[in-house]
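S.K.: You'll find structure-v3.pdb just under this line, and it carries PDB, C-alpha atoms.
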ATOM      1  CA  ASN A   1       0.000   0.000   0.000  1.00  0.00           C
ATOM      2  CA  ALA A   2       2.429   2.680  -1.260  1.00  0.00           C
ATOM      3  CA  GLY A   3       0.179   5.768  -1.363  1.00  0.00           C
ATOM      4  CA  VAL A   4       2.292   8.661  -2.650  1.00  0.00           C
ATOM      5  CA  THR A   5       5.848   7.844  -3.689  1.00  0.00           C
ATOM      6  CA  GLN A   6       8.492  10.499  -4.260  1.00  0.00           C
ATOM      7  CA  THR A   7      11.920  10.066  -5.798  1.00  0.00           C
ATOM      8  CA  PRO A   8      14.635  10.808  -4.999  1.00  0.00           C
ATOM      9  CA  LYS A   9      14.569  11.167  -1.207  1.00  0.00           C
ATOM     10  CA  PHE A  10      17.728  13.282  -1.107  1.00  0.00           C
ATOM     11  CA  GLN A  11      19.596  15.288  -3.711  1.00  0.00           C
ATOM     12  CA  VAL A  12      22.447  17.769  -3.797  1.00  0.00           C
ATOM     13  CA  LEU A  13      22.774  20.024  -6.829  1.00  0.00           C
ATOM     14  CA  LYS A  14      25.090  22.765  -7.914  1.00  0.00           C
ATOM     15  CA  THR A  15      23.712  26.175  -8.815  1.00  0.00           C
ATOM     16  CA  GLY A  16      22.504  26.173 -12.407  1.00  0.00           C
ATOM     17  CA  GLN A  17      21.928  22.437 -12.659  1.00  0.00           C
ATOM     18  CA  SER A  18      18.543  21.081 -13.630  1.00  0.00           C
ATOM     19  CA  MET A  19      16.580  18.355 -11.951  1.00  0.00           C
ATOM     20  CA  THR A  20      13.190  16.656 -12.055  1.00  0.00           C
ATOM     21  CA  LEU A  21      11.464  15.439  -8.913  1.00  0.00           C
ATOM     22  CA  GLN A  22       9.142  12.513  -9.493  1.00  0.00           C
ATOM     23  CA  CYS A  23       5.858  11.761  -7.775  1.00  0.00           C
ATOM     24  CA  ALA A  24       3.426   8.909  -8.275  1.00  0.00           C
ATOM     25  CA  GLN A  25       0.251   7.938  -6.440  1.00  0.00           C
ATOM     26  CA  ASP A  26      -1.606   4.642  -6.527  1.00  0.00           C
ATOM     27  CA  MET A  27      -4.894   5.778  -4.958  1.00  0.00           C
ATOM     28  CA  ASN A  28      -6.582   6.723  -8.235  1.00  0.00           C
ATOM     29  CA  HIS A  29      -6.736  10.330  -7.069  1.00  0.00           C
ATOM     30  CA  ASN A  30      -7.607  13.061  -9.513  1.00  0.00           C
ATOM     31  CA  SER A  31      -5.672  15.922  -7.944  1.00  0.00           C
ATOM     32  CA  MET A  32      -1.990  16.266  -7.186  1.00  0.00           C
ATOM     33  CA  TYR A  33       0.132  18.989  -5.578  1.00  0.00           C
ATOM     34  CA  TRP A  34       3.699  20.111  -5.089  1.00  0.00           C
ATOM     35  CA  TYR A  35       4.694  21.982  -1.913  1.00  0.00           C
ATOM     36  CA  ARG A  36       7.927  23.277  -0.527  1.00  0.00           C
ATOM     37  CA  GLN A  37       8.579  23.459   3.198  1.00  0.00           C
ATOM     38  CA  ASP A  38      11.104  25.853   4.677  1.00  0.00           C
ATOM     39  CA  PRO A  39      11.733  26.447   8.407  1.00  0.00           C
ATOM     40  CA  GLY A  40       9.074  28.726   9.864  1.00  0.00           C
ATOM     41  CA  MET A  41       7.236  29.031   6.549  1.00  0.00           C
ATOM     42  CA  GLY A  42       4.897  26.090   6.697  1.00  0.00           C
ATOM     43  CA  LEU A  43       3.820  24.412   3.472  1.00  0.00           C
ATOM     44  CA  ARG A  44       3.738  26.618   0.414  1.00  0.00           C
ATOM     45  CA  LEU A  45       2.025  25.446  -2.727  1.00  0.00           C
ATOM     46  CA  ILE A  46       4.170  25.553  -5.856  1.00  0.00           C
ATOM     47  CA  TYR A  47       1.859  24.046  -8.482  1.00  0.00           C
ATOM     48  CA  TYR A  48      -1.132  21.797  -8.498  1.00  0.00           C
ATOM     49  CA  SER A  49      -3.068  19.693 -10.952  1.00  0.00           C
ATOM     50  CA  ALA A  50      -6.773  19.493 -10.244  1.00  0.00           C
ATOM     51  CA  SER A  51      -7.211  16.737 -12.804  1.00  0.00           C
ATOM     52  CA  GLU A  52      -5.279  14.961 -15.506  1.00  0.00           C
ATOM     53  CA  GLY A  53      -4.413  17.406 -18.257  1.00  0.00           C
ATOM     54  CA  THR A  54      -4.565  20.558 -16.125  1.00  0.00           C
ATOM     55  CA  THR A  55      -1.988  22.401 -14.061  1.00  0.00           C
ATOM     56  CA  ASP A  56      -2.174  25.673 -12.163  1.00  0.00           C
ATOM     57  CA  LYS A  57       0.242  27.916 -10.337  1.00  0.00           C
ATOM     58  CA  GLY A  58       0.238  28.054  -6.595  1.00  0.00           C
ATOM     59  CA  GLU A  59       1.737  30.582  -4.207  1.00  0.00           C
ATOM     60  CA  VAL A  60       5.413  30.213  -5.223  1.00  0.00           C
ATOM     61  CA  PRO A  61       5.678  28.950  -8.833  1.00  0.00           C
ATOM     62  CA  ASN A  62       8.683  30.978 -10.033  1.00  0.00           C
ATOM     63  CA  GLY A  63      11.659  28.838 -11.022  1.00  0.00           C
ATOM     64  CA  TYR A  64       9.613  25.662 -11.372  1.00  0.00           C
ATOM     65  CA  ASN A  65       7.708  23.786 -14.041  1.00  0.00           C
ATOM     66  CA  VAL A  66       5.416  20.799 -13.704  1.00  0.00           C
ATOM     67  CA  SER A  67       4.085  18.018 -15.885  1.00  0.00           C
ATOM     68  CA  ARG A  68       1.035  15.888 -15.185  1.00  0.00           C
ATOM     69  CA  LEU A  69       2.262  12.905 -17.119  1.00  0.00           C
ATOM     70  CA  ASN A  70      -0.869  10.815 -16.515  1.00  0.00           C
ATOM     71  CA  LYS A  71      -3.363  10.331 -13.705  1.00  0.00           C
ATOM     72  CA  ARG A  72      -0.748   8.687 -11.478  1.00  0.00           C
ATOM     73  CA  GLU A  73       2.299  10.881 -12.035  1.00  0.00           C
ATOM     74  CA  PHE A  74       3.088  14.545 -11.431  1.00  0.00           C
ATOM     75  CA  SER A  75       6.659  15.763 -11.829  1.00  0.00           C
ATOM     76  CA  LEU A  76       8.349  18.985 -10.711  1.00  0.00           C
ATOM     77  CA  ARG A  77      11.268  20.404 -12.667  1.00  0.00           C
ATOM     78  CA  LEU A  78      13.890  22.908 -11.660  1.00  0.00           C
ATOM     79  CA  GLU A  79      15.428  24.194 -14.887  1.00  0.00           C
ATOM     80  CA  SER A  80      18.289  26.167 -13.342  1.00  0.00           C
ATOM     81  CA  ALA A  81      18.598  25.483  -9.638  1.00  0.00           C
ATOM     82  CA  ALA A  82      19.317  28.348  -7.259  1.00  0.00           C
ATOM     83  CA  PRO A  83      20.384  28.226  -3.582  1.00  0.00           C
ATOM     84  CA  SER A  84      17.013  29.782  -2.655  1.00  0.00           C
ATOM     85  CA  GLN A  85      15.386  26.567  -3.848  1.00  0.00           C
ATOM     86  CA  THR A  86      17.065  24.546  -1.118  1.00  0.00           C
ATOM     87  CA  SER A  87      14.094  23.061   0.684  1.00  0.00           C
ATOM     88  CA  VAL A  88      12.088  19.974   1.438  1.00  0.00           C
ATOM     89  CA  TYR A  89       9.644  19.232  -1.358  1.00  0.00           C
ATOM     90  CA  PHE A  90       6.426  17.332  -0.732  1.00  0.00           C
ATOM     91  CA  CYS A  91       4.072  15.875  -3.272  1.00  0.00           C
ATOM     92  CA  ALA A  92       0.475  15.255  -2.245  1.00  0.00           C
ATOM     93  CA  SER A  93      -2.700  13.928  -3.783  1.00  0.00           C
ATOM     94  CA  SER A  94      -6.411  14.102  -3.068  1.00  0.00           C
ATOM     95  CA  GLU A  95      -9.461  12.405  -4.470  1.00  0.00           C
ATOM     96  CA  THR A  96     -10.611  15.647  -6.053  1.00  0.00           C
ATOM     97  CA  GLY A  97      -9.333  19.210  -6.045  1.00  0.00           C
ATOM     98  CA  SER A  98     -12.032  20.313  -3.618  1.00  0.00           C
ATOM     99  CA  HIS A  99     -10.859  22.003  -0.429  1.00  0.00           C
ATOM    100  CA  SER A 100     -12.996  19.494   1.469  1.00  0.00           C
ATOM    101  CA  GLN A 101     -10.840  16.542   0.458  1.00  0.00           C
ATOM    102  CA  PRO A 102      -7.960  15.454   2.694  1.00  0.00           C
ATOM    103  CA  GLN A 103      -4.530  15.420   1.120  1.00  0.00           C
ATOM    104  CA  HIS A 104      -2.140  12.467   1.289  1.00  0.00           C
ATOM    105  CA  PHE A 105       1.545  13.322   1.320  1.00  0.00           C
ATOM    106  CA  GLY A 106       4.666  11.544   0.147  1.00  0.00           C
ATOM    107  CA  ASP A 107       7.778  11.236   2.310  1.00  0.00           C
ATOM    108  CA  GLY A 108       9.406  14.275   0.720  1.00  0.00           C
ATOM    109  CA  THR A 109      12.565  15.083  -1.201  1.00  0.00           C
ATOM    110  CA  ARG A 110      15.312  16.912   0.674  1.00  0.00           C
ATOM    111  CA  LEU A 111      17.039  19.101  -1.881  1.00  0.00           C
ATOM    112  CA  SER A 112      20.210  21.109  -1.263  1.00  0.00           C
ATOM    113  CA  ILE A 113      21.592  23.510  -3.829  1.00  0.00           C
ATOM    114  CA  LEU A 114      25.151  24.655  -3.416  1.00  0.00           C
TER     115      LEU A 114
ATOM    116  CA  GLY B   1      -5.887  35.375  -1.046  1.00  0.00           C
ATOM    117  CA  GLN B   2      -7.129  33.252   1.796  1.00  0.00           C
ATOM    118  CA  GLN B   3      -4.828  33.075   4.773  1.00  0.00           C
ATOM    119  CA  VAL B   4      -4.983  31.190   8.008  1.00  0.00           C
ATOM    120  CA  MET B   5      -2.899  32.324  10.960  1.00  0.00           C
ATOM    121  CA  GLN B   6      -1.712  29.833  13.550  1.00  0.00           C
ATOM    122  CA  ILE B   7      -0.582  30.611  17.060  1.00  0.00           C
ATOM    123  CA  PRO B   8       1.634  29.966  18.824  1.00  0.00           C
ATOM    124  CA  GLN B   9       4.518  29.210  16.493  1.00  0.00           C
ATOM    125  CA  TYR B  10       6.257  27.100  19.143  1.00  0.00           C
ATOM    126  CA  GLN B  11       5.149  25.496  22.381  1.00  0.00           C
ATOM    127  CA  HIS B  12       7.253  23.631  24.894  1.00  0.00           C
ATOM    128  CA  VAL B  13       5.396  21.644  27.548  1.00  0.00           C
ATOM    129  CA  GLN B  14       6.213  19.185  30.277  1.00  0.00           C
ATOM    130  CA  GLU B  15       4.869  15.722  29.674  1.00  0.00           C
ATOM    131  CA  GLY B  16       1.387  15.546  31.174  1.00  0.00           C
ATOM    132  CA  GLU B  17       0.561  19.209  30.586  1.00  0.00           C
ATOM    133  CA  ASP B  18      -2.142  20.281  28.181  1.00  0.00           C
ATOM    134  CA  PHE B  19      -1.502  21.974  24.838  1.00  0.00           C
ATOM    135  CA  THR B  20      -3.644  24.123  22.574  1.00  0.00           C
ATOM    136  CA  THR B  21      -3.002  25.569  19.137  1.00  0.00           C
ATOM    137  CA  TYR B  22      -5.256  28.066  17.414  1.00  0.00           C
ATOM    138  CA  CYS B  23      -6.052  28.741  13.792  1.00  0.00           C
ATOM    139  CA  ASN B  24      -7.649  32.045  12.797  1.00  0.00           C
ATOM    140  CA  SER B  25      -9.023  33.484   9.582  1.00  0.00           C
ATOM    141  CA  SER B  26     -10.371  36.916   8.703  1.00  0.00           C
ATOM    142  CA  THR B  27     -13.017  35.340   6.482  1.00  0.00           C
ATOM    143  CA  THR B  28     -15.635  32.668   7.020  1.00  0.00           C
ATOM    144  CA  LEU B  29     -14.352  29.194   6.276  1.00  0.00           C
ATOM    145  CA  SER B  30     -16.386  26.427   4.691  1.00  0.00           C
ATOM    146  CA  ASN B  31     -14.287  23.788   6.440  1.00  0.00           C
ATOM    147  CA  ILE B  32     -10.977  23.338   8.190  1.00  0.00           C
ATOM    148  CA  GLN B  33      -8.552  20.435   8.252  1.00  0.00           C
ATOM    149  CA  TRP B  34      -5.854  19.548  10.748  1.00  0.00           C
ATOM    150  CA  TYR B  35      -2.607  17.720   9.990  1.00  0.00           C
ATOM    151  CA  LYS B  36       0.280  16.448  12.094  1.00  0.00           C
ATOM    152  CA  GLN B  37       3.879  16.216  10.958  1.00  0.00           C
ATOM    153  CA  ARG B  38       6.353  14.261  13.073  1.00  0.00           C
ATOM    154  CA  PRO B  39       9.986  15.447  13.029  1.00  0.00           C
ATOM    155  CA  GLY B  40      11.564  14.304   9.772  1.00  0.00           C
ATOM    156  CA  GLY B  41       8.216  13.051   8.498  1.00  0.00           C
ATOM    157  CA  HIS B  42       5.438  14.193   6.250  1.00  0.00           C
ATOM    158  CA  PRO B  43       2.095  15.808   7.105  1.00  0.00           C
ATOM    159  CA  VAL B  44      -0.637  13.346   7.972  1.00  0.00           C
ATOM    160  CA  PHE B  45      -4.318  14.239   7.870  1.00  0.00           C
ATOM    161  CA  LEU B  46      -5.985  14.132  11.294  1.00  0.00           C
ATOM    162  CA  ILE B  47      -9.508  15.468  10.915  1.00  0.00           C
ATOM    163  CA  GLN B  48     -11.867  17.809   9.106  1.00  0.00           C
ATOM    164  CA  LEU B  49     -14.438  20.144  10.677  1.00  0.00           C
ATOM    165  CA  VAL B  50     -17.333  21.450   8.643  1.00  0.00           C
ATOM    166  CA  LYS B  51     -20.156  22.642  10.886  1.00  0.00           C
ATOM    167  CA  SER B  52     -20.355  25.810  12.964  1.00  0.00           C
ATOM    168  CA  GLY B  53     -19.470  25.021  16.585  1.00  0.00           C
ATOM    169  CA  GLU B  54     -18.451  21.467  15.724  1.00  0.00           C
ATOM    170  CA  VAL B  55     -16.396  19.542  18.264  1.00  0.00           C
ATOM    171  CA  LYS B  56     -14.660  16.283  17.455  1.00  0.00           C
ATOM    172  CA  LYS B  57     -12.482  14.100  19.642  1.00  0.00           C
ATOM    173  CA  GLN B  58      -9.754  11.607  18.892  1.00  0.00           C
ATOM    174  CA  LYS B  59      -8.578  10.067  22.148  1.00  0.00           C
ATOM    175  CA  ARG B  60      -6.727  12.929  23.903  1.00  0.00           C
ATOM    176  CA  LEU B  61      -7.152  15.359  20.989  1.00  0.00           C
ATOM    177  CA  THR B  62     -10.150  17.708  20.852  1.00  0.00           C
ATOM    178  CA  PHE B  63     -10.850  19.758  17.750  1.00  0.00           C
ATOM    179  CA  GLN B  64     -13.244  22.713  17.680  1.00  0.00           C
ATOM    180  CA  PHE B  65     -14.650  24.887  14.923  1.00  0.00           C
ATOM    181  CA  GLY B  66     -15.786  28.322  15.990  1.00  0.00           C
ATOM    182  CA  GLU B  67     -19.391  29.409  15.890  1.00  0.00           C
ATOM    183  CA  ALA B  68     -18.599  32.012  13.245  1.00  0.00           C
ATOM    184  CA  LYS B  69     -16.461  29.492  11.313  1.00  0.00           C
ATOM    185  CA  LYS B  70     -13.504  31.873  11.404  1.00  0.00           C
ATOM    186  CA  ASN B  71     -11.360  30.017  13.893  1.00  0.00           C
ATOM    187  CA  SER B  72     -10.500  26.567  15.105  1.00  0.00           C
ATOM    188  CA  SER B  73      -8.496  24.992  17.859  1.00  0.00           C
ATOM    189  CA  LEU B  74      -6.737  21.735  18.614  1.00  0.00           C
ATOM    190  CA  HIS B  75      -6.377  20.802  22.267  1.00  0.00           C
ATOM    191  CA  ILE B  76      -4.278  17.913  23.537  1.00  0.00           C
ATOM    192  CA  THR B  77      -4.938  16.719  27.069  1.00  0.00           C
ATOM    193  CA  ALA B  78      -2.051  15.344  29.108  1.00  0.00           C
ATOM    194  CA  THR B  79       0.604  15.474  26.402  1.00  0.00           C
ATOM    195  CA  GLN B  80       2.874  12.513  25.780  1.00  0.00           C
ATOM    196  CA  THR B  81       6.221  12.336  24.011  1.00  0.00           C
ATOM    197  CA  THR B  82       4.431  10.758  21.061  1.00  0.00           C
ATOM    198  CA  ASP B  83       2.589  14.068  20.534  1.00  0.00           C
ATOM    199  CA  VAL B  84       5.813  15.806  19.476  1.00  0.00           C
ATOM    200  CA  GLY B  85       5.600  17.358  16.025  1.00  0.00           C
ATOM    201  CA  THR B  86       4.164  20.246  14.094  1.00  0.00           C
ATOM    202  CA  TYR B  87       0.409  20.694  13.851  1.00  0.00           C
ATOM    203  CA  PHE B  88      -0.992  22.460  10.804  1.00  0.00           C
ATOM    204  CA  CYS B  89      -4.431  23.745  10.038  1.00  0.00           C
ATOM    205  CA  ALA B  90      -5.529  24.055   6.427  1.00  0.00           C
ATOM    206  CA  ALA B  91      -8.522  25.837   5.002  1.00  0.00           C
ATOM    207  CA  GLY B  92      -9.775  28.138   2.323  1.00  0.00           C
ATOM    208  CA  ASN B  93     -10.944  27.714  -1.163  1.00  0.00           C
ATOM    209  CA  THR B  94      -9.585  25.302  -3.709  1.00  0.00           C
ATOM    210  CA  PRO B  95      -6.712  24.647  -3.338  1.00  0.00           C
ATOM    211  CA  LEU B  96      -6.202  24.461   0.412  1.00  0.00           C
ATOM    212  CA  VAL B  97      -4.022  26.992   2.190  1.00  0.00           C
ATOM    213  CA  PHE B  98      -1.916  25.726   5.082  1.00  0.00           C
ATOM    214  CA  GLY B  99      -1.089  27.676   8.187  1.00  0.00           C
ATOM    215  CA  LYS B 100       2.559  27.926   9.218  1.00  0.00           C
ATOM    216  CA  GLY B 101       2.056  25.379  11.957  1.00  0.00           C
ATOM    217  CA  THR B 102       2.678  25.091  15.684  1.00  0.00           C
ATOM    218  CA  ARG B 103       5.708  23.082  16.691  1.00  0.00           C
ATOM    219  CA  LEU B 104       5.131  21.139  19.889  1.00  0.00           C
ATOM    220  CA  SER B 105       7.996  19.933  22.055  1.00  0.00           C
ATOM    221  CA  VAL B 106       7.281  17.658  24.999  1.00  0.00           C
ATOM    222  CA  ILE B 107       9.815  17.425  27.808  1.00  0.00           C
ATOM    223  CA  ALA B 108       9.747  14.088  29.581  1.00  0.00           C
TER     224      ALA B 108
END
Turn the structure described in the file into structure tokens.
M.R.:
Amino acid sequence: NAGVTQTPKFQVLKTGQSMTLQCAQDMNHNSMYWYRQDPGMGLRLIYYSASEGTTDKGEVPNGYNVSRLNKREFSLRLESAAPSQTSVYFCASSETGSHSQPQHFGDGTRLSIL
Amino acid sequence: GQQVMQIPQYQHVQEGEDFTTYCNSSTTLSNIQWYKQRPGGHPVFLIQLVKSGEVKKQKRLTFQFGEAKKNSSLHITATQTTDVGTYFCAAGNTPLVFGKGTRLSVIA
């Protein structure tokens, strides 16, 4: 019973490198989300996909791109990593995009950019 | 956009003491959710409140939704070391907006 799976769990990049974070869910959920978590800042939404084929910007989308590859998978790409993007990244999913649906989170990716 | 403010940011308690965290909004909320994140872990959904004045309990945890549906609280009775973590509220329109969380430390 995997739920939401994120890869990799840890990554160190140099400034300017690119990277794609992968996320897959096996709960047949329609909606998926990418958050970043920084100390004292809580969870900030980067992008979300309410359903397959749609993506929308969240609170902090600059420097990121996303792809909803299919219903199961939602990837986050950093085209040119910057030290300010050092963070813990969480992927989440919910049955629908409604605010009344609970979100299920993956274990996170700890990303450091030097 | 929608914002939810959580207080306090940090709380240190002795094991056995009670703990309360508050979530406040300037606008009326249709619902509110609470999550717990253990140190090094990921947020886990605890509960959702929908009705004005609603109170729900999970063992030692009591969740309340204000009468005006603008605030909510989470109260833990007789804290244990297993309660350590950060508690988040989440609310608003689609998509959800998370508060910044209250980090609870329990001293044995």
S.K.: Set the distance at 12 Å and use only C-alpha atoms: which residues neighbour Leu61 in chain B once local chain neighbours fewer than 5 positions away are removed? I'd like the list as an MDAnalysis selection string.
M.R.: chainID B and resid 18:21 34 36 46:47 55:56 73:80 83 87
S.K.: Would you mind exporting C-alpha atoms of the selected residues as a CSV table (one decimal), in the frame of the given file?
M.R.:
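The resulting again_38.csv:
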chain,number,residue,atom,x,y,z
B,18,ASP,CA,-2.1,20.3,28.2
B,19,PHE,CA,-1.5,22.0,24.8
B,20,THR,CA,-3.6,24.1,22.6
B,21,THR,CA,-3.0,25.6,19.1
B,34,TRP,CA,-5.9,19.5,10.7
B,36,LYS,CA,0.3,16.4,12.1
B,46,LEU,CA,-6.0,14.1,11.3
B,47,ILE,CA,-9.5,15.5,10.9
B,55,VAL,CA,-16.4,19.5,18.3
B,56,LYS,CA,-14.7,16.3,17.5
B,73,SER,CA,-8.5,25.0,17.9
B,74,LEU,CA,-6.7,21.7,18.6
B,75,HIS,CA,-6.4,20.8,22.3
B,76,ILE,CA,-4.3,17.9,23.5
B,77,THR,CA,-4.9,16.7,27.1
B,78,ALA,CA,-2.1,15.3,29.1
B,79,THR,CA,0.6,15.5,26.4
B,80,GLN,CA,2.9,12.5,25.8
B,83,ASP,CA,2.6,14.1,20.5
B,87,TYR,CA,0.4,20.7,13.9
S.K.: What's the 7 Å shell around range 53-65 of chain A, counting all atoms listed in the file, without same-chain residues fewer than 3 positions away, as a ChimeraX atom specification?
M.R.: /A:44-50,68,76-79
S.K.: Would you mind telling me which residue in B:Pro39, B:Asn93, B:Arg103, B:Leu29 lies nearest to chain A when using all atoms listed in the file?
M.R.: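 With all atoms listed in the file as the atom set, the closest residue is B:Asn93.
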S.K.: Tell me, in Å to one decimal, how far CA of Ser84 in chain A is from CA of Asp107 in chain A.
M.R.: 21.3 Å
S.K.: Within 9 Å of (-6.9, 9.9, -1.2) (coordinates as in the file), grab all the protein and nucleic acid residues, counting only C-alpha atoms, and write them out as an MDAnalysis selection string.
M.R.: chainID A and resid 3 27:30 93:96 101:104
S.K.: Counting all atoms listed in the file, which residues from chain A have an atom at most 6 Å from any atom of chain B, and could you show them as a compact mmCIF listing (two decimals) with C-alpha atoms, in the coordinates of the input?
M.R.:
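New file result-v2.txt:
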# COMPACT_ATOMS: atom_id res chain seq x y z
CA MET A 41 7.24 29.03 6.55
CA GLY A 42 4.90 26.09 6.70
CA SER A 98 -12.03 20.31 -3.62
CA HIS A 99 -10.86 22.00 -0.43
CA ASP A 107 7.78 11.24 2.31
S.K.: For Ala68 in chain B, please output as a list in words all residues within 12 Å (counting all atoms listed in the file; exclusion window: fewer than 4 positions along the same chain).
M.R.: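 Those residues are Asn24, Ser25, Ser26, Thr27, Thr28, Leu29, Ser30, Asn31, Val50, Lys51, Ser52, Gly53, Glu54, Gln64 and Ser72 of chain B.
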S.K.: What would the selection look like, as a PyMOL selection string, if the PyMOL selection byres ((chain B and resi 84) around 7) were run on the coordinates I just shared?
M.R.: chain B and resi 38+81-83+85+104-106
S.K.: Interatomic distance between CA of Lys69 in chain B and CA of Gly97 in chain A?
M.R.: 21.4 Å
S.K.: Provide the CA of Leu43 in chain A to CA of Tyr89 in chain A distance in Å, to one decimal place.
M.R.: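 Going from CA of Leu43 in chain A over to CA of Tyr89 in chain A, I get 9.2 Å.
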S.K.: Any chance you could resolve the PyMOL selection byres ((chain A and resi 6-18) around 6) against this file and give the residues as a PyMOL selection string?
M.R.: chain A and resi 5+19+22-23+78-82+106+109-114
S.K.: I'd like the neighbourhood of Ile107 in chain B as an MDAnalysis selection string, where a residue qualifies if any of its atoms comes within 8 Å (using all atoms listed in the file), though same-chain residues fewer than 5 positions away should be ignored.
M.R.: chainID B and resid 12:15 81
S.K.: Which residues, written as a PDB file with C-alpha atoms, in the coordinates of the input, have at least one atom at most 6 Å from Ala24 in chain A, with all atoms listed in the file counted and residues fewer than 2 positions away on the same chain left out?
M.R.:
ATOM      1  CA  VAL A   4       2.292   8.661  -2.650  1.00  0.00           C
ATOM      2  CA  THR A   5       5.848   7.844  -3.689  1.00  0.00           C
ATOM      3  CA  ARG A  72      -0.748   8.687 -11.478  1.00  0.00           C
ATOM      4  CA  GLU A  73       2.299  10.881 -12.035  1.00  0.00           C
TER       5      GLU A  73
END
S.K.: Here's a test: counting all atoms listed in the file, identify every protein, DNA and RNA residue with an atom at most 8 Å from (-3.6, 32.1, 17.6) in the file's coordinate frame, and state them as a list of chain:residue names.
M.R.: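 Collected hits near the coordinates: B:Met5, B:Gln6, B:Ile7, B:Pro8, B:Thr21, B:Tyr22, B:Cys23, B:Asn24.
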S.K.: Just add all heavy atoms to range 102-107 of chain A and send it as a short mmCIF file (atom, residue, chain, number, x, y, z; two decimals), in the coordinates of the input.
M.R.:
data_model
loop_
_atom_site.label_atom_id
_atom_site.label_comp_id
_atom_site.auth_asym_id
_atom_site.auth_seq_id
_atom_site.Cartn_x
_atom_site.Cartn_y
_atom_site.Cartn_z
N PRO A 102 -9.25 15.53 2.02
CA PRO A 102 -7.96 15.45 2.69
C PRO A 102 -6.85 15.16 1.69
O PRO A 102 -7.09 14.51 0.67
CB PRO A 102 -8.13 14.30 3.67
CG PRO A 102 -9.23 13.48 3.11
CD PRO A 102 -10.15 14.43 2.40
N GLN A 103 -5.67 15.66 1.99
CA GLN A 103 -4.53 15.42 1.12
C GLN A 103 -3.62 14.36 1.75
O GLN A 103 -3.44 14.31 2.96
CB GLN A 103 -3.76 16.71 0.89
CG GLN A 103 -4.57 17.74 0.10
CD GLN A 103 -3.78 18.95 -0.31
OE1 GLN A 103 -2.56 18.99 -0.19
NE2 GLN A 103 -4.47 19.97 -0.81
N HIS A 104 -3.05 13.53 0.87
CA HIS A 104 -2.14 12.47 1.29
C HIS A 104 -0.75 12.83 0.77
O HIS A 104 -0.59 13.07 -0.44
CB HIS A 104 -2.59 11.13 0.71
CG HIS A 104 -3.98 10.76 1.13
ND1 HIS A 104 -4.23 9.88 2.15
CD2 HIS A 104 -5.19 11.17 0.68
CE1 HIS A 104 -5.55 9.75 2.31
NE2 HIS A 104 -6.14 10.53 1.43
N PHE A 105 0.21 12.85 1.66
CA PHE A 105 1.54 13.32 1.32
C PHE A 105 2.54 12.18 1.14
O PHE A 105 2.44 11.13 1.79
CB PHE A 105 2.07 14.25 2.42
CG PHE A 105 1.43 15.59 2.44
CD1 PHE A 105 0.17 15.77 3.00
CD2 PHE A 105 2.07 16.69 1.89
CE1 PHE A 105 -0.44 17.02 3.01
CE2 PHE A 105 1.48 17.95 1.89
CZ PHE A 105 0.23 18.11 2.46
N GLY A 106 3.52 12.43 0.26
CA GLY A 106 4.67 11.54 0.15
C GLY A 106 5.68 11.86 1.24
O GLY A 106 5.48 12.77 2.05
N ASP A 107 6.77 11.09 1.25
CA ASP A 107 7.78 11.24 2.31
C ASP A 107 8.68 12.44 2.12
O ASP A 107 9.45 12.79 3.01
CB ASP A 107 8.65 9.97 2.38
CG ASP A 107 7.89 8.79 2.94
OD1 ASP A 107 6.87 9.02 3.64
OD2 ASP A 107 8.30 7.65 2.69
#
